[in-house]
Amino acid sequence: MKYYIIAGEASGDLHGSHLIRALKDRDLDAIFRFWGGDQMESASQQSAVKHIKDLAFMGFVEVLMNIRTILKLIKLCKKDLQEFEPDALILIDYPGFNIRMAEWVAKSNKKNIFKKKIKTFFYISPQVWAWKSKRVHRIIPSIEEMYAILPFEKAFYKEYGYDVQYVGHPLLENFKKKPIQPFQLNSNKPIIALLPGSRQQEIKRILPEMMGIVPLFPQYQFVLAAAPSIDIDFYKNIINNIDIIIVQNETYPLLQSAEAALVTSGTATLETGLLKCPQIVLYKGSFLSYLIAKRLIKVNYISLVNLIMNRKVVTELIQGDCNSKKIAEELAFLLKDKSNILNHYEALHEKLLPDNPSEVVATDIIHKLKKS
C-alpha cells in the first residue's frame with residue numbers, strides 16, 4: 001500500500017513516526033511519502049517532502065501575513081498527491097492545512113481526478129471543540145475515519161451526529177516504547193525546566209518573560225529544552241548572558257528531574273503532566289491574534305491537562321498575565337506546595353488509556369483499505 005502522511009508540527013511528527021513504524025510492521029510492502037520532521041524521517045528512512053520547520057505558522061495574524069506561502073504549500077501538496085496517487089491520505093492534526101486537503105481529495109475522488117479513489121483518515125482530531133465547532137460538518141463527510149486521542153472528543157462528535165473512534169493518547173505509547181534515560185547535569189542545584197515552545201514566534205514572546213525570573217531564584221538551575229527543529233543559536237541570541245543551560249533531545253529526562261517547569265501551552269503541557277512534573281502553563285500571542293482568539297475560542301482552559309481533567313489542575317498565565325513578575329509569584333507558590341498537582345496527575349494518566357493508539361490506527365487503516 002502507498003501512504004501519504006501530513007504532519008505540520010513537532011507533536012504530529014512524533015506521533016507520525018510511531019504510526020509509520022506500526023504501518024511498516026503490518027504492511028511489508030508499505031511505501032511512504034510525507035510532510036513531517038526528523039522523527040518521521042528516521043522512522044521511514046527517507047526525507048520529507050516538506051519539513052515541519054517550514055510549516056510552523058501560529059496565530060490568526062501570523063497566518064494572514066504568510067498566506068501566500070501557505071497557498072503555495074497547498075498547491076505543492078495537491079500536485080504531489082496527484083503524482084504519488086496513494087491508497088491512503090493520513091492527516092495528523094494541523095487543521096488549517098489538513099482540513100483543506102481532506103476536502104480537496106474528497107471532491108477530486110468524486111470527479112475521478114485520480115486513477116483510484118484515495119481514502120482519507122484523520123489521526124488526531126483538530127480542536128474543533130475549542131472554536132468553529134461547525135467545522136465537523138466539513139471534516140467528517142470528507143474522510144473515511146476520525147481517530148480521536150482525547151477522551152471527551154468522542155462525546156463531542158456524537159453531539160453533531162458523528163461516531164468517531166477514541167484510540168487513547170499517543171504520548172502514553174511514546175513513554176512505553178522509549179525508556180527515559182537519566183538526566184545528567186553538572187550542578188547540585190535543583191532544576192527548573194523551561195519549555196518556551198516549538199515555534200520561533202512564540203519563543204520570541206515567551207522566553208524573555210521566563211528569563212526575567214532567573215535572578216529571583218538563585219538557588220535553582222534553569223535548564224531550557226530546545227525544540228529539535230530550532231537551531232541552538234536562535235536561543236543563544238535571545239538569552240545572551242542569562243544563566244540558562246540549553247539542552248536538546250533531552251526534554252523527557254529533564255522534566256523527570258526538574259522540581260517544576262514553565263511550559264508554553266500545547267502538547268508539552270500534557271507531556272509535563274504525564275511525567276509528573278509540577279508546571280505553570282504560559283501563553284502569549286500577538287495582541288491582535290489574542291483578541292481574535294478570545295472572541296472565537298469557547299473553552300474554559302488552554303492547557304490540555306486542565307481540559308482533560310475539566311478543572312483547574314495547573315495554573316495558566318495568559319497574555320497580560322504572562323509576565324516575569326506574575327510567573328515568579330506563581331512559581332514561588334508552586335515550589336512550596338506541589339502535592340495537589342501531583343495527585344491530579346495520577347488520574348490524568350488513567351483517563352488517557354489505552355496506550356497503543358498507533359497500533360490500533362494502523363490496523364484499522366489497513367483493514368479498511370483491504371476491504372475497498
# chains A, B, ... in the order shown; residues from 1 in each chain; ligands from 1

$ select_by_dssp --residues "stretch 34-272 of chain A" --states "alpha helix (DSSP H)" --output "number ranges by chain"
A: 38-44, 60-65, 67-84, 95-110, 136-139, 153-159, 170-177, 200-211, 232-239, 251-257, 267-272

$ write_last_selection --atoms "C-alpha atoms" --output "short mmCIF file (atom, residue, chain, number, x, y, z; two decimals), in the first residue's frame"
data_model
loop_
_atom_site.label_atom_id
_atom_site.label_comp_id
_atom_site.auth_asym_id
_atom_site.auth_seq_id
_atom_site.Cartn_x
_atom_site.Cartn_y
_atom_site.Cartn_z
CA ASP A 38 13.21 14.43 11.85
CA GLN A 39 11.34 11.67 13.68
CA MET A 40 9.18 10.71 10.70
CA GLU A 41 12.29 10.79 8.52
CA SER A 42 14.04 8.42 10.95
CA ALA A 43 11.05 6.03 11.07
CA SER A 44 10.69 5.91 7.28
CA PHE A 60 -4.50 34.44 13.16
CA VAL A 61 -2.45 37.47 12.17
CA GLU A 62 0.69 35.44 11.51
CA VAL A 63 -1.23 33.09 9.21
CA LEU A 64 -2.58 36.06 7.23
CA MET A 65 0.91 37.53 6.93
CA ILE A 67 -0.91 33.45 3.34
CA ARG A 68 0.99 33.46 0.03
CA THR A 69 3.46 30.93 1.36
CA ILE A 70 0.64 28.76 2.73
CA LEU A 71 -1.24 28.85 -0.59
CA LYS A 72 1.93 27.80 -2.42
CA LEU A 73 2.33 24.89 0.01
CA ILE A 74 -1.27 23.79 -0.58
CA LYS A 75 -0.70 23.92 -4.35
CA LEU A 76 2.51 21.89 -3.98
CA CYS A 77 0.75 19.30 -1.84
CA LYS A 78 -2.10 18.85 -4.32
CA LYS A 79 0.36 18.37 -7.18
CA ASP A 80 2.46 15.92 -5.16
CA LEU A 81 -0.60 13.90 -4.16
CA GLN A 82 -1.69 13.62 -7.78
CA GLU A 83 1.74 12.38 -8.81
CA PHE A 84 2.09 9.91 -5.91
CA PRO A 95 -6.24 21.70 10.87
CA GLY A 96 -5.90 24.84 8.74
CA PHE A 97 -3.96 22.89 6.13
CA ASN A 98 -5.26 19.37 6.57
CA ILE A 99 -8.98 20.13 6.50
CA ARG A 100 -8.47 21.79 3.12
CA MET A 101 -6.58 18.76 1.84
CA ALA A 102 -9.31 16.38 3.06
CA GLU A 103 -12.00 18.39 1.27
CA TRP A 104 -9.96 18.64 -1.93
CA VAL A 105 -9.29 14.89 -2.05
CA ALA A 106 -12.99 14.14 -1.41
CA LYS A 107 -14.01 16.44 -4.30
CA SER A 108 -11.26 15.02 -6.53
CA ASN A 109 -12.46 11.47 -5.81
CA LYS A 110 -15.96 12.43 -6.97
CA VAL A 136 -17.13 18.98 12.00
CA HIS A 137 -19.60 19.11 9.09
CA ARG A 138 -16.70 19.86 6.73
CA ILE A 139 -14.35 17.24 8.13
CA GLU A 153 -13.83 14.14 21.83
CA LYS A 154 -15.99 11.08 21.13
CA ALA A 155 -18.90 12.62 23.04
CA PHE A 156 -18.33 15.98 21.32
CA TYR A 157 -18.65 14.46 17.83
CA LYS A 158 -21.68 12.45 18.96
CA GLU A 159 -23.48 15.73 19.66
CA PRO A 170 -0.06 8.55 21.71
CA LEU A 171 2.10 10.15 24.40
CA LEU A 172 1.50 7.12 26.62
CA GLU A 173 2.78 4.97 23.80
CA ASN A 174 5.86 7.13 23.47
CA PHE A 175 6.76 6.72 27.14
CA LYS A 176 6.13 2.96 26.98
CA LYS A 177 8.27 2.30 23.91
CA GLN A 200 10.15 30.86 16.72
CA GLN A 201 7.25 33.31 17.06
CA GLU A 202 6.13 32.02 20.46
CA ILE A 203 9.70 31.58 21.72
CA LYS A 204 10.46 35.24 20.99
CA ARG A 205 7.47 36.31 23.07
CA ILE A 206 7.64 33.89 25.99
CA LEU A 207 11.33 33.16 26.57
CA PRO A 208 12.17 36.76 27.63
CA GLU A 209 9.42 36.55 30.29
CA MET A 210 10.93 33.27 31.54
CA MET A 211 14.39 34.82 31.58
CA ILE A 232 20.56 26.39 19.27
CA ASP A 233 21.98 29.75 18.16
CA PHE A 234 18.44 31.12 17.94
CA TYR A 235 18.03 30.57 21.70
CA LYS A 236 21.51 31.87 22.50
CA ASN A 237 20.80 35.15 20.71
CA ILE A 238 17.79 35.71 22.96
CA ILE A 239 19.35 34.52 26.22
CA THR A 251 13.13 17.07 27.26
CA TYR A 252 11.71 13.97 28.96
CA PRO A 253 14.75 13.28 31.16
CA LEU A 254 14.82 16.98 32.06
CA LEU A 255 11.16 17.02 33.10
CA GLN A 256 11.59 13.88 35.18
CA SER A 257 14.46 15.52 37.05
CA THR A 267 1.22 19.25 23.76
CA ALA A 268 4.17 19.93 26.10
CA THR A 269 1.75 20.68 28.95
CA LEU A 270 0.38 17.16 28.70
CA GLU A 271 3.86 15.63 28.42
CA THR A 272 4.87 17.51 31.56
#

$ residues_around --residues "stretch 240-245 of chain A" --least-positions-apart "6" --cutoff "7 Å" --atoms "only C-alpha atoms" --output "PyMOL selection string"
chain A and resi 222-224

$ write_last_selection --atoms "C-alpha atoms" --output "PDB file, in the first residue's frame"
ATOM      1  CA  PHE A 222      17.322  26.898  34.929  1.00  0.00           C
ATOM      2  CA  VAL A 223      17.537  24.478  32.003  1.00  0.00           C
ATOM      3  CA  LEU A 224      15.888  25.140  28.638  1.00  0.00           C
TER       4      LEU A 224
END

$ atom_distance --atom1 "atom CA of A:Ile280" --atom2 "atom CA of A:Ala260"
8.1 Å

$ residues_around --residues "A:Glu316" --least-positions-apart "3" --cutoff "10 Å" --atoms "only C-alpha atoms" --output "list of chain:residue names"
A:Val263, A:Thr264, A:Ser265, A:Gln279, A:Ile280, A:Val281, A:Leu282, A:Tyr283, A:Tyr301, A:Ile302, A:Ser303, A:Asn306, A:Lys312, A:Val313, A:Gln319, A:Asp321, A:Cys322, A:Ile327, A:Glu330

$ residues_around --residues "A:Pro228" --least-positions-apart "6" --cutoff "12 Å" --atoms "only C-alpha atoms" --output "ChimeraX atom specification"
/A:9-11,13-14,37-39,51-53,197-200,234-235,246-251
